[in-house]
>>> print(open('final-v7.csv').read())   # CSV, C-alpha atoms
chain,number,residue,atom,x,y,z
A,85,MET,CA,0.0,0.0,0.0
A,86,ALA,CA,1.5,3.3,-1.1
A,87,ALA,CA,0.1,5.8,1.3
A,88,SER,CA,-1.1,6.1,4.8
A,89,HIS,CA,-4.9,6.5,4.9
A,90,PRO,CA,-7.3,8.8,6.7
A,91,SER,CA,-8.6,7.1,9.8
A,92,ASP,CA,-11.2,9.8,10.6
A,93,LEU,CA,-13.3,10.5,7.5
A,94,ALA,CA,-16.7,10.6,9.1
A,95,PRO,CA,-19.0,13.1,10.8
A,96,GLY,CA,-18.4,13.1,14.5
A,97,SER,CA,-14.7,12.1,14.0
A,98,HIS,CA,-11.7,14.3,14.6
A,99,ASP,CA,-11.3,15.6,11.0
A,100,PRO,CA,-11.6,19.3,11.6
A,101,ALA,CA,-12.1,20.2,7.9
A,102,LEU,CA,-15.1,17.8,7.6
A,103,ALA,CA,-16.5,18.9,10.9
A,104,LEU,CA,-16.3,22.6,9.9
A,105,ALA,CA,-17.8,21.9,6.4
A,106,LEU,CA,-20.7,20.0,7.9
A,107,ALA,CA,-21.5,22.8,10.2
A,108,TYR,CA,-22.6,24.8,7.2
A,109,ALA,CA,-24.8,22.1,5.6
A,110,PRO,CA,-28.5,23.0,5.4
A,111,ARG,CA,-30.4,20.8,7.8
A,112,ASP,CA,-32.4,18.9,5.1
A,113,ALA,CA,-29.2,18.3,3.1
A,114,ARG,CA,-26.9,17.3,6.0
A,115,PRO,CA,-27.8,13.5,6.0
A,116,VAL,CA,-26.5,13.1,2.4
A,117,PHE,CA,-23.1,14.6,3.3
A,118,GLN,CA,-23.0,12.5,6.5
A,119,ASP,CA,-23.7,9.3,4.5
A,120,LEU,CA,-21.1,10.1,1.8
A,121,PHE,CA,-18.4,10.9,4.3
A,122,ALA,CA,-19.3,7.8,6.4
A,123,LEU,CA,-19.1,5.6,3.3
A,124,ASP,CA,-15.7,7.1,2.4
A,125,ARG,CA,-14.6,6.4,6.0
A,126,ARG,CA,-15.7,2.8,5.9
A,127,LEU,CA,-13.8,2.2,2.7
A,128,ALA,CA,-10.7,4.0,4.1
A,129,ASP,CA,-10.8,1.8,7.2
A,130,ALA,CA,-11.1,-1.3,5.0
A,131,VAL,CA,-7.8,-0.3,3.4
A,132,ARG,CA,-6.0,1.1,6.4
A,133,GLN,CA,-6.8,-1.7,8.8
A,134,ALA,CA,-5.9,-4.6,6.4
A,135,SER,CA,-2.7,-6.4,7.0
A,136,GLU,CA,-2.4,-7.4,3.3
A,137,PRO,CA,-3.7,-5.7,0.1
A,138,ILE,CA,-5.8,-8.9,-0.7
A,139,ILE,CA,-7.7,-8.5,2.6
A,140,ALA,CA,-8.5,-4.9,1.8
A,141,GLN,CA,-9.6,-6.0,-1.7
A,142,LEU,CA,-12.0,-8.6,-0.3
A,143,LYS,CA,-13.6,-6.1,2.0
A,144,LEU,CA,-13.9,-3.6,-0.8
A,145,ALA,CA,-15.4,-6.3,-3.1
A,146,TRP,CA,-18.3,-6.6,-0.6
A,147,TRP,CA,-19.2,-2.9,-1.1
A,148,ARG,CA,-18.7,-3.1,-4.9
A,149,ASP,CA,-21.1,-6.1,-5.0
A,150,ARG,CA,-23.7,-4.0,-3.1
A,151,PHE,CA,-23.5,-1.1,-5.6
A,152,ALA,CA,-23.9,-3.6,-8.5
A,153,GLN,CA,-27.2,-4.7,-7.0
A,154,SER,CA,-30.5,-3.0,-6.7
A,155,PRO,CA,-31.0,-1.6,-3.1
A,156,ALA,CA,-34.0,-3.9,-2.8
A,157,GLU,CA,-31.4,-6.8,-2.9
A,158,TRP,CA,-29.2,-5.3,-0.2
A,159,PRO,CA,-28.8,-7.3,3.1
A,160,LYS,CA,-30.7,-6.0,6.0
A,161,GLY,CA,-29.1,-4.8,9.2
A,162,GLU,CA,-26.5,-2.5,7.7
A,163,PRO,CA,-27.5,1.1,8.8
A,164,LEU,CA,-25.3,2.8,6.2
A,165,LEU,CA,-26.8,0.8,3.3
A,166,ALA,CA,-30.2,1.6,4.6
A,167,ARG,CA,-29.5,5.3,4.6
A,168,LEU,CA,-27.9,5.2,1.1
A,169,ALA,CA,-30.9,3.3,-0.2
A,170,ALA,CA,-33.0,6.4,0.6
A,171,TRP,CA,-30.9,8.7,-1.7
A,172,ASP,CA,-32.8,10.0,-4.8
A,173,ALA,CA,-29.9,9.2,-7.1
A,174,ASP,CA,-28.2,6.5,-9.1
A,175,ILE,CA,-26.3,5.1,-6.2
A,176,SER,CA,-24.7,2.4,-8.4
A,177,ARG,CA,-22.3,5.2,-9.4
A,178,LEU,CA,-20.8,5.0,-5.8
A,179,GLY,CA,-19.2,1.8,-7.0
A,180,GLY,CA,-16.6,4.1,-8.5
A,181,LEU,CA,-15.6,5.3,-5.0
A,182,VAL,CA,-14.9,1.6,-4.1
A,183,ASP,CA,-12.8,1.3,-7.3
A,184,GLY,CA,-10.7,4.4,-6.3
A,185,TRP,CA,-9.9,2.9,-2.9
A,186,GLU,CA,-9.0,-0.4,-4.4
A,187,GLN,CA,-6.6,1.2,-6.9
A,188,LEU,CA,-4.8,2.9,-4.0
A,189,ALA,CA,-4.8,-0.4,-1.9
A,190,ALA,CA,-3.4,-2.4,-4.8
A,191,ALA,CA,-0.7,0.0,-5.9
A,192,GLU,CA,2.9,-1.0,-5.0
A,193,GLU,CA,3.8,2.7,-5.1
A,194,LEU,CA,2.0,6.0,-5.3
A,195,THR,CA,2.3,7.2,-8.9
A,196,ARG,CA,0.8,10.1,-10.8
A,197,ASP,CA,-1.8,7.8,-12.4
A,198,VAL,CA,-2.8,6.3,-9.1
A,199,ALA,CA,-3.2,9.6,-7.5
A,200,ILE,CA,-5.3,11.0,-10.3
A,201,ALA,CA,-7.5,7.9,-10.5
A,202,PHE,CA,-8.0,7.8,-6.7
A,203,ALA,CA,-8.8,11.5,-6.3
A,204,GLY,CA,-11.0,11.4,-9.4
A,205,GLU,CA,-13.2,8.7,-8.0
A,206,ARG,CA,-13.6,10.4,-4.7
A,207,ALA,CA,-14.5,13.6,-6.5
A,208,ARG,CA,-17.1,11.9,-8.7
A,209,SER,CA,-18.7,10.5,-5.6
A,210,TRP,CA,-19.4,14.1,-4.7
A,211,ALA,CA,-21.4,14.5,-7.9
A,212,VAL,CA,-23.5,11.5,-7.0
A,213,ALA,CA,-24.3,13.2,-3.7
A,214,ALA,CA,-25.1,16.4,-5.5
A,215,SER,CA,-27.5,14.7,-7.7
A,216,ALA,CA,-29.2,13.3,-4.6
A,217,LEU,CA,-29.7,16.9,-3.6
A,218,HIS,CA,-31.1,17.7,-7.1
A,219,VAL,CA,-28.1,19.8,-8.1
A,220,ALA,CA,-26.8,19.2,-11.6
A,221,GLU,CA,-23.5,21.2,-11.6
A,222,ALA,CA,-21.4,18.1,-11.8
A,223,ASP,CA,-18.3,19.7,-13.3
A,224,ALA,CA,-18.0,22.3,-10.6
A,225,VAL,CA,-18.7,19.7,-7.9
A,226,VAL,CA,-16.0,17.4,-9.3
A,227,ALA,CA,-13.5,20.2,-9.6
A,228,ALA,CA,-14.0,21.1,-5.9
A,229,GLY,CA,-13.8,17.5,-5.0
A,230,MET,CA,-10.5,17.1,-6.8
A,231,ARG,CA,-9.0,19.9,-4.8
A,232,TRP,CA,-10.1,18.3,-1.5
A,233,ALA,CA,-9.2,14.7,-2.5
A,234,LEU,CA,-5.7,15.6,-3.7
A,235,ALA,CA,-5.0,17.7,-0.6
A,236,ASP,CA,-6.4,15.0,1.7
A,237,LEU,CA,-4.2,12.4,0.0
A,238,ALA,CA,-1.1,14.7,0.2
A,239,GLN,CA,-1.4,15.2,3.9
A,240,HIS,CA,-1.8,11.4,4.6
A,241,CYS,CA,1.0,10.2,2.4
A,242,ALA,CA,3.7,7.9,3.9
A,243,SER,CA,6.5,10.2,2.9
A,244,GLU,CA,7.2,13.8,1.9
A,245,ALA,CA,8.3,12.6,-1.6
A,246,GLU,CA,4.8,11.1,-2.1
A,247,SER,CA,3.2,14.3,-0.8
A,248,ALA,CA,5.3,16.3,-3.2
A,249,LEU,CA,4.2,14.1,-6.1
A,250,VAL,CA,0.5,14.6,-5.2
A,251,ARG,CA,1.0,18.4,-5.0
A,252,ALA,CA,2.7,18.4,-8.3
A,253,VAL,CA,-0.2,16.5,-9.9
A,254,ALA,CA,-2.6,19.0,-8.4
A,255,ALA,CA,-0.5,21.9,-9.8
A,256,ASP,CA,-0.4,20.3,-13.3
A,257,LEU,CA,-4.2,19.8,-13.2
A,258,GLY,CA,-4.8,23.4,-12.1
A,259,HIS,CA,-6.1,22.4,-8.7
A,260,ALA,CA,-3.4,24.0,-6.5
A,261,SER,CA,-5.3,27.3,-6.2
A,262,ALA,CA,-6.9,29.1,-3.3
A,263,GLU,CA,-9.9,29.7,-5.6
A,264,SER,CA,-12.6,27.0,-5.9
A,265,PRO,CA,-15.7,26.8,-8.1
A,266,SER,CA,-18.8,28.5,-6.7
A,267,LEU,CA,-21.5,26.1,-5.7
A,268,PRO,CA,-25.1,26.4,-4.7
A,269,ARG,CA,-26.0,26.9,-1.0
A,270,ASN,CA,-27.1,23.4,-0.4
A,271,LEU,CA,-23.6,22.2,-1.5
A,272,ARG,CA,-21.9,24.6,0.8
A,273,PRO,CA,-19.9,21.8,2.6
A,274,PHE,CA,-18.3,20.9,-0.8
A,275,ALA,CA,-17.5,24.5,-1.5
A,276,ILE,CA,-15.7,24.8,1.9
A,277,LEU,CA,-13.7,21.6,1.4
A,278,GLY,CA,-12.8,22.7,-2.1
A,279,VAL,CA,-11.4,26.0,-0.9
A,280,LEU,CA,-9.5,24.3,2.0
A,281,GLY,CA,-8.1,21.8,-0.4
A,282,GLY,CA,-7.0,24.3,-2.9
A,283,ARG,CA,-5.3,26.5,-0.2
A,284,ALA,CA,-3.5,23.5,1.2
A,285,LEU,CA,-2.2,22.4,-2.2
A,286,ALA,CA,-1.1,25.9,-3.2
A,287,ARG,CA,0.6,26.6,0.2
A,288,GLU,CA,2.0,23.0,0.5
A,289,ARG,CA,0.6,22.4,4.0
A,290,PRO,CA,-2.2,20.5,5.7
A,291,MET,CA,-5.7,21.8,5.5
A,292,LEU,CA,-6.8,24.2,8.3
A,293,SER,CA,-3.2,24.5,9.5
A,294,LYS,CA,-3.2,28.3,9.6
A,295,GLY,CA,-5.7,30.9,10.9
A,296,GLY,CA,-6.3,32.2,7.4
A,297,ASP,CA,-7.6,28.8,6.4
A,298,PHE,CA,-10.3,28.9,9.0
A,299,LEU,CA,-11.3,32.4,8.0
A,300,ALA,CA,-11.5,31.4,4.4
A,301,ALA,CA,-13.7,28.4,5.3
A,302,VAL,CA,-16.0,30.6,7.3
A,303,ARG,CA,-16.2,33.1,4.5
A,304,THR,CA,-17.1,30.4,2.0
A,305,GLY,CA,-19.6,28.9,4.4
A,306,MET,CA,-21.4,32.3,4.7
A,307,LEU,CA,-20.9,33.6,1.1
A,308,GLY,CA,-20.4,30.6,-1.0
A,309,ARG,CA,-16.7,31.2,-1.9
>>> encode(input="final-v7.csv", output="structure tokens")
Amino acid sequence: MAASHPSDLAPGSHDPALALALAYAPRDARPVFQDLFALDRRLADAVRQASEPIIAQLKLAWWRDRFAQSPAEWPKGEPLLARLAAWDADISRLGGLVDGWEQLAAAEELTRDVAIAFAGERARSWAVAASALHVAEADAVVAAGMRWALADLAQHCASEAESALVRAVAADLGHASAESPSLPRNLRPFAILGVLGGRALARERPMLSKGGDFLAAVRTGMLGR
């Protein structure tokens, strides 16, 4: 496994960026963000806690099989699946998020292609969540998601060399920027994370590591960008 993986990617955990972003989620939209981040956390844990890549792949395969099924076929007793089944969206597309985590788990080293594929799948899962909230601005959502996903990967890499590689990828793709696409109010958490991700990549530091980052997040939470 090429990189260390986030262990706290869920609401109520200790990830300050996610906690701050969720604070600005409209009440009726908040469950979708919570479900998405919880799913990402479950997949991250499957990779992080596995002693061998094959074990991670087996755990991830369970989730891939679920997203290949109709929700009516899903096993009972899994609260997260029950919540995802309530989304008004094509949740089979969340299988791409599983693929992204599997590519990272299977990689012998973190390469440019792996970083792009992994971040891209995480970003596209944001577009699925946006569609569940009846927002069709997929390109802007994915662009914000790429900023966050690359910044998150960079700050959890196993070495500074890997972090530098991820930041270089972000710069090449135009995501190492303090600016982030403007998003509708009900996607305000994504706007905040996009701004924080872009600032972290541009300044080569973790998200929310300076006071200015917090102020930028609050401004985005209030004004949209």
>>> closest_residue(input="final-v7.csv", among="A:Ala213, A:Ala101, A:Leu142, A:Val302", to="A:Leu271", atoms="only C-alpha atoms")
A:Ala213
>>> closest_residue(input="final-v7.csv", among="A:Glu205, A:Asp297, A:Asp99, A:Asp129", to="A:Gly229", atoms="only C-alpha atoms")
A:Glu205
>>> closest_residue(input="final-v7.csv", among="A:Ala248, A:Lys160, A:Ala189, A:Val219", to="A:Ala130", atoms="all atoms listed in the file")
A:Ala189
>>> residues_around(input="final-v7.csv", residues="stretch 290-296 of chain A", least_positions_apart="6", cutoff="6 Å", atoms="only C-alpha atoms", output="list in words")
Gln239, Leu280 and Ala284 of chain A
>>> residues_near_point(input="final-v7.csv", point="(-6.7, 14.2, -3.9)", cutoff="9 Å", atoms="only C-alpha atoms", output="PyMOL selection string")
chain A and resi 199-200+202-204+206-207+229-238+250-251+254+281
>>> residues_around(input="final-v7.csv", residues="A:Glu221", least_positions_apart="6", cutoff="8 Å", atoms="only C-alpha atoms", output="MDAnalysis selection string")
chainID A and resid 211 214 267
>>> atom_distance(input="final-v7.csv", atom1="atom CA of A:Val116", atom2="atom CA of A:Gly180")
17.3 Å
>>> atom_distance(input="final-v7.csv", atom1="atom CA of A:His240", atom2="atom CA of A:Pro137")
17.8 Å
>>> residues_around(input="final-v7.csv", residues="A:Trp158", least_positions_apart="5", cutoff="12 Å", atoms="all atoms listed in the file", output="PyMOL selection string")
chain A and resi 146-153+163-169
>>> closest_residue(input="final-v7.csv", among="A:Gln187, A:Thr195, A:Ser243, A:Ser209", to="A:Gln141", atoms="only C-alpha atoms")
A:Gln187
>>> atom_distance(input="final-v7.csv", atom1="atom CA of A:Pro265", atom2="atom CA of A:Leu181")
21.7 Å
>>> closest_residue(input="final-v7.csv", among="A:Leu102, A:His259, A:Ser176, A:Glu192", to="A:Ala122", atoms="only C-alpha atoms")
A:Leu102
>>> residues_around(input="final-v7.csv", residues="A:Ala300", least_positions_apart="6", cutoff="10 Å", atoms="only C-alpha atoms", output="list in words")
Ala262, Ile276, Val279, Leu280, Arg283, Leu292, Met306 and Arg309 of chain A
>>> closest_residue(input="final-v7.csv", among="A:Phe298, A:Glu186, A:Tyr108, A:Ile175", to="A:Arg132", atoms="all atoms listed in the file")
A:Glu186
>>> residues_around(input="final-v7.csv", residues="A:Asn270", least_positions_apart="6", cutoff="10 Å", atoms="only C-alpha atoms", output="ChimeraX atom specification")
/A:108-114,214,217-219,308
>>> write_last_selection(input="final-v7.csv", atoms="C-alpha atoms", output="PDB file, in the frame of the given file")
ATOM      1  CA  TYR A 108     -22.600  24.800   7.200  1.00  0.00           C
ATOM      2  CA  ALA A 109     -24.800  22.100   5.600  1.00  0.00           C
ATOM      3  CA  PRO A 110     -28.500  23.000   5.400  1.00  0.00           C
ATOM      4  CA  ARG A 111     -30.400  20.800   7.800  1.00  0.00           C
ATOM      5  CA  ASP A 112     -32.400  18.900   5.100  1.00  0.00           C
ATOM      6  CA  ALA A 113     -29.200  18.300   3.100  1.00  0.00           C
ATOM      7  CA  ARG A 114     -26.900  17.300   6.000  1.00  0.00           C
ATOM      8  CA  ALA A 214     -25.100  16.400  -5.500  1.00  0.00           C
ATOM      9  CA  LEU A 217     -29.700  16.900  -3.600  1.00  0.00           C
ATOM     10  CA  HIS A 218     -31.100  17.700  -7.100  1.00  0.00           C
ATOM     11  CA  VAL A 219     -28.100  19.800  -8.100  1.00  0.00           C
ATOM     12  CA  GLY A 308     -20.400  30.600  -1.000  1.00  0.00           C
TER      13      GLY A 308
END
>>> build_atoms(input="final-v7.csv", residues="stretch 147-158 of chain A", atoms="all heavy atoms", output="mmCIF file, in the coordinates of the input")
data_model
loop_
_atom_site.group_PDB
_atom_site.id
_atom_site.type_symbol
_atom_site.label_atom_id
_atom_site.label_comp_id
_atom_site.auth_asym_id
_atom_site.auth_seq_id
_atom_site.Cartn_x
_atom_site.Cartn_y
_atom_site.Cartn_z
ATOM 1 N N TRP A 147 -18.471 -4.198 -0.824
ATOM 2 C CA TRP A 147 -19.200 -2.900 -1.100
ATOM 3 C C TRP A 147 -19.410 -2.812 -2.625
ATOM 4 O O TRP A 147 -20.472 -2.345 -3.045
ATOM 5 C CB TRP A 147 -18.339 -1.756 -0.622
ATOM 6 C CG TRP A 147 -18.407 -1.612 0.863
ATOM 7 C CD1 TRP A 147 -17.500 -2.041 1.782
ATOM 8 C CD2 TRP A 147 -19.470 -0.995 1.610
ATOM 9 N NE1 TRP A 147 -17.925 -1.739 3.058
ATOM 10 C CE2 TRP A 147 -19.126 -1.097 2.977
ATOM 11 C CE3 TRP A 147 -20.663 -0.378 1.256
ATOM 12 C CZ2 TRP A 147 -19.944 -0.592 3.986
ATOM 13 C CZ3 TRP A 147 -21.488 0.128 2.254
ATOM 14 C CH2 TRP A 147 -21.120 0.016 3.604
ATOM 15 N N ARG A 148 -18.464 -3.221 -3.452
ATOM 16 C CA ARG A 148 -18.700 -3.100 -4.900
ATOM 17 C C ARG A 148 -19.868 -3.997 -5.312
ATOM 18 O O ARG A 148 -20.688 -3.579 -6.147
ATOM 19 C CB ARG A 148 -17.429 -3.607 -5.653
ATOM 20 C CG ARG A 148 -17.592 -3.520 -7.168
ATOM 21 C CD ARG A 148 -16.394 -4.031 -7.929
ATOM 22 N NE ARG A 148 -15.211 -3.250 -7.625
ATOM 23 C CZ ARG A 148 -14.242 -3.649 -6.800
ATOM 24 N NH1 ARG A 148 -14.333 -4.823 -6.184
ATOM 25 N NH2 ARG A 148 -13.211 -2.888 -6.580
ATOM 26 N N ASP A 149 -19.977 -5.185 -4.724
ATOM 27 C CA ASP A 149 -21.100 -6.100 -5.000
ATOM 28 C C ASP A 149 -22.431 -5.409 -4.660
ATOM 29 O O ASP A 149 -23.439 -5.569 -5.355
ATOM 30 C CB ASP A 149 -20.961 -7.396 -4.325
ATOM 31 C CG ASP A 149 -19.825 -8.239 -4.876
ATOM 32 O OD1 ASP A 149 -19.332 -7.923 -5.978
ATOM 33 O OD2 ASP A 149 -19.425 -9.201 -4.192
ATOM 34 N N ARG A 150 -22.435 -4.682 -3.543
ATOM 35 C CA ARG A 150 -23.700 -4.000 -3.100
ATOM 36 C C ARG A 150 -24.109 -2.977 -4.152
ATOM 37 O O ARG A 150 -25.273 -2.883 -4.505
ATOM 38 C CB ARG A 150 -23.523 -3.372 -1.753
ATOM 39 C CG ARG A 150 -23.116 -4.299 -0.619
ATOM 40 C CD ARG A 150 -24.178 -5.320 -0.230
ATOM 41 N NE ARG A 150 -24.317 -6.426 -1.148
ATOM 42 C CZ ARG A 150 -23.486 -7.462 -1.232
ATOM 43 N NH1 ARG A 150 -22.412 -7.522 -0.455
ATOM 44 N NH2 ARG A 150 -23.725 -8.436 -2.085
ATOM 45 N N PHE A 151 -23.157 -2.180 -4.632
ATOM 46 C CA PHE A 151 -23.500 -1.100 -5.600
ATOM 47 C C PHE A 151 -23.815 -1.659 -6.950
ATOM 48 O O PHE A 151 -24.369 -0.934 -7.786
ATOM 49 C CB PHE A 151 -22.406 -0.063 -5.604
ATOM 50 C CG PHE A 151 -22.284 0.707 -4.323
ATOM 51 C CD1 PHE A 151 -21.082 0.753 -3.626
ATOM 52 C CD2 PHE A 151 -23.380 1.365 -3.784
ATOM 53 C CE1 PHE A 151 -20.973 1.458 -2.420
ATOM 54 C CE2 PHE A 151 -23.283 2.065 -2.589
ATOM 55 C CZ PHE A 151 -22.078 2.103 -1.909
ATOM 56 N N ALA A 152 -23.479 -2.921 -7.206
ATOM 57 C CA ALA A 152 -23.900 -3.600 -8.500
ATOM 58 C C ALA A 152 -25.280 -4.134 -8.377
ATOM 59 O O ALA A 152 -25.846 -4.534 -9.400
ATOM 60 C CB ALA A 152 -22.876 -4.682 -8.795
ATOM 61 N N GLN A 153 -25.834 -4.168 -7.178
ATOM 62 C CA GLN A 153 -27.200 -4.700 -7.000
ATOM 63 C C GLN A 153 -28.193 -3.549 -6.872
ATOM 64 O O GLN A 153 -27.840 -2.390 -6.641
ATOM 65 C CB GLN A 153 -27.253 -5.474 -5.648
ATOM 66 C CG GLN A 153 -26.423 -6.733 -5.595
ATOM 67 C CD GLN A 153 -26.470 -7.358 -4.206
ATOM 68 O OE1 GLN A 153 -26.470 -6.653 -3.196
ATOM 69 N NE2 GLN A 153 -26.528 -8.681 -4.163
ATOM 70 N N SER A 154 -29.450 -3.919 -6.993
ATOM 71 C CA SER A 154 -30.500 -3.000 -6.700
ATOM 72 C C SER A 154 -30.599 -2.895 -5.131
ATOM 73 O O SER A 154 -30.382 -3.897 -4.424
ATOM 74 C CB SER A 154 -31.855 -3.523 -7.184
ATOM 75 O OG SER A 154 -32.936 -2.865 -6.553
ATOM 76 N N PRO A 155 -30.870 -1.692 -4.586
ATOM 77 C CA PRO A 155 -31.000 -1.600 -3.100
ATOM 78 C C PRO A 155 -32.015 -2.550 -2.533
ATOM 79 O O PRO A 155 -31.889 -2.937 -1.372
ATOM 80 C CB PRO A 155 -31.453 -0.118 -2.950
ATOM 81 C CG PRO A 155 -30.843 0.593 -4.106
ATOM 82 C CD PRO A 155 -30.949 -0.373 -5.247
ATOM 83 N N ALA A 156 -32.987 -2.976 -3.338
ATOM 84 C CA ALA A 156 -34.000 -3.900 -2.800
ATOM 85 C C ALA A 156 -33.320 -5.282 -2.512
ATOM 86 O O ALA A 156 -33.871 -6.065 -1.723
ATOM 87 C CB ALA A 156 -35.068 -4.137 -3.878
ATOM 88 N N GLU A 157 -32.159 -5.538 -3.101
ATOM 89 C CA GLU A 157 -31.400 -6.800 -2.900
ATOM 90 C C GLU A 157 -30.430 -6.698 -1.736
ATOM 91 O O GLU A 157 -29.814 -7.691 -1.374
ATOM 92 C CB GLU A 157 -30.721 -7.242 -4.139
ATOM 93 C CG GLU A 157 -31.599 -7.439 -5.349
ATOM 94 C CD GLU A 157 -30.778 -7.768 -6.578
ATOM 95 O OE1 GLU A 157 -30.539 -8.971 -6.820
ATOM 96 O OE2 GLU A 157 -30.366 -6.829 -7.295
ATOM 97 N N TRP A 158 -30.239 -5.508 -1.201
ATOM 98 C CA TRP A 158 -29.200 -5.300 -0.200
ATOM 99 C C TRP A 158 -29.565 -6.068 1.100
ATOM 100 O O TRP A 158 -30.752 -6.152 1.474
ATOM 101 C CB TRP A 158 -29.034 -3.846 0.123
ATOM 102 C CG TRP A 158 -28.300 -3.098 -0.948
ATOM 103 C CD1 TRP A 158 -27.715 -3.623 -2.061
ATOM 104 C CD2 TRP A 158 -28.085 -1.686 -1.005
ATOM 105 N NE1 TRP A 158 -27.139 -2.633 -2.809
ATOM 106 C CE2 TRP A 158 -27.348 -1.438 -2.191
ATOM 107 C CE3 TRP A 158 -28.423 -0.622 -0.176
ATOM 108 C CZ2 TRP A 158 -26.950 -0.160 -2.556
ATOM 109 C CZ3 TRP A 158 -28.021 0.664 -0.541
ATOM 110 C CH2 TRP A 158 -27.293 0.889 -1.726
#
